[in-house]
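Worksheet: one structure, shown below.
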Amino acid sequence: MNRREVFVLALLLALSGCLFRGDAAARLGIDLVTVRLSAQRHLVDVRYRITDPEKAAALVARDAKPQLLDEASGEPLAVPSYPKMGALRAKGHAEAGRSYFILFENRSGTVKSGSRVTLALGDLKLAHLVVE
């Protein structure tokens, strides 16, 4: 394979991943803004904007239990919850155009910049998200 063929193949693979994520995000009623490390790499910060409040209601529901899965190790990361503050994520009423967050605990440091993760909520999954 020459350089051009490798480039075209890489571009097609990248676009197919983006299309898949876009489709999954549309099924959740969200537009994914960013996935990045925060708090000295102890938290993974997922930011998203709601595009369809009806579909996204499950993600912001008080009883929702979203998980972030590290694709390399399979380790699930949970949303930390504290007695006085509650879960470290936005919850309540879904509003179109509004941005929301979910913080996942990365205590073991498994997820690093460049890691691929999957955001899961029940049967719905956003796969192959790259951590900034």
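Chain identifiers are assigned as A, B, and so on, following the order in which chains appear in the structure tokens; residues are numbered from 1 within each chain, and ligands are numbered from 1 in order of appearance.
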
Residue contacts of Arg89 of chain A (10 Å, only C-alpha atoms) excluding same-chain residues fewer than 5 positions away, as JSON, numbers by chain:
{"A": [45, 46, 47, 59, 60, 62, 66, 79, 80, 81, 100, 101, 102, 103, 104]}

Please, which residues of segment 25-116 of chain A, numbered as in this document, come out strand (DSSP E or B) from DSSP, as a ChimeraX atom specification?
/A:30-38,43-50,67-70,76-77,81-82,86-87,89,99-105,116

Measuring atom to atom with only C-alpha atoms, identify which of A:Asn106, A:Ser115, A:Lys125, A:Leu77 is nearest to Ser38 of chain A.
A:Asn106

List the neighbours of Val117 of chain A out to 7 Å using only C-alpha atoms; skip same-chain residues closer than 2 positions along the sequence, and give me the result as a list of chain:residue names.
A:Leu68, A:Leu69, A:Asp70, A:Glu71, A:Ser115, A:Leu119, A:Ala127, A:His128, A:Leu129, A:Val130

Next, the residues of the selection above should be written as an mmCIF file, in the first residue's frame with C-alpha atoms.
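Below is the file out_9.cif, written as the result:
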```cif
data_model
loop_
_atom_site.group_PDB
_atom_site.id
_atom_site.type_symbol
_atom_site.label_atom_id
_atom_site.label_comp_id
_atom_site.auth_asym_id
_atom_site.auth_seq_id
_atom_site.Cartn_x
_atom_site.Cartn_y
_atom_site.Cartn_z
ATOM 1 C CA LEU A 68 -18.181 4.870 30.753
ATOM 2 C CA LEU A 69 -16.311 1.780 29.579
ATOM 3 C CA ASP A 70 -12.616 1.843 28.763
ATOM 4 C CA GLU A 71 -12.440 -0.076 25.474
ATOM 5 C CA SER A 115 -8.000 6.341 25.141
ATOM 6 C CA LEU A 119 -20.695 5.837 26.969
ATOM 7 C CA ALA A 127 -18.800 3.755 21.135
ATOM 8 C CA HIS A 128 -15.233 4.687 20.152
ATOM 9 C CA LEU A 129 -15.170 8.118 21.793
ATOM 10 C CA VAL A 130 -11.617 9.478 21.979
#
```

Go through A:Ala90, A:Met85, A:Ile50, A:Val44 one by one, measure the shortest atom-to-atom distance of each to Ala25 of chain A using only C-alpha atoms, and give the residue with the smallest value.
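Selected residue with least distance to Ala25 of chain A: A:Ile50.
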
Based on DSSP run over this structure's backbone, return all residues of chain A in helix (DSSP H, G or I), as a PyMOL selection string.
chain A and resi 3-28+53-60

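Compared by their closest atoms to Ala120 of chain A, and using only C-alpha atoms, the residues A:Ala78, A:Asp31, A:Glu132, A:Asp63 rank with A:Ala78 nearest.
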
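Distance annotation: of A:Arg116, A:Arg107, A:Lys91, A:Lys55, the residue with the minimal separation from Leu43 of chain A is A:Arg107; atom set is only C-alpha atoms.
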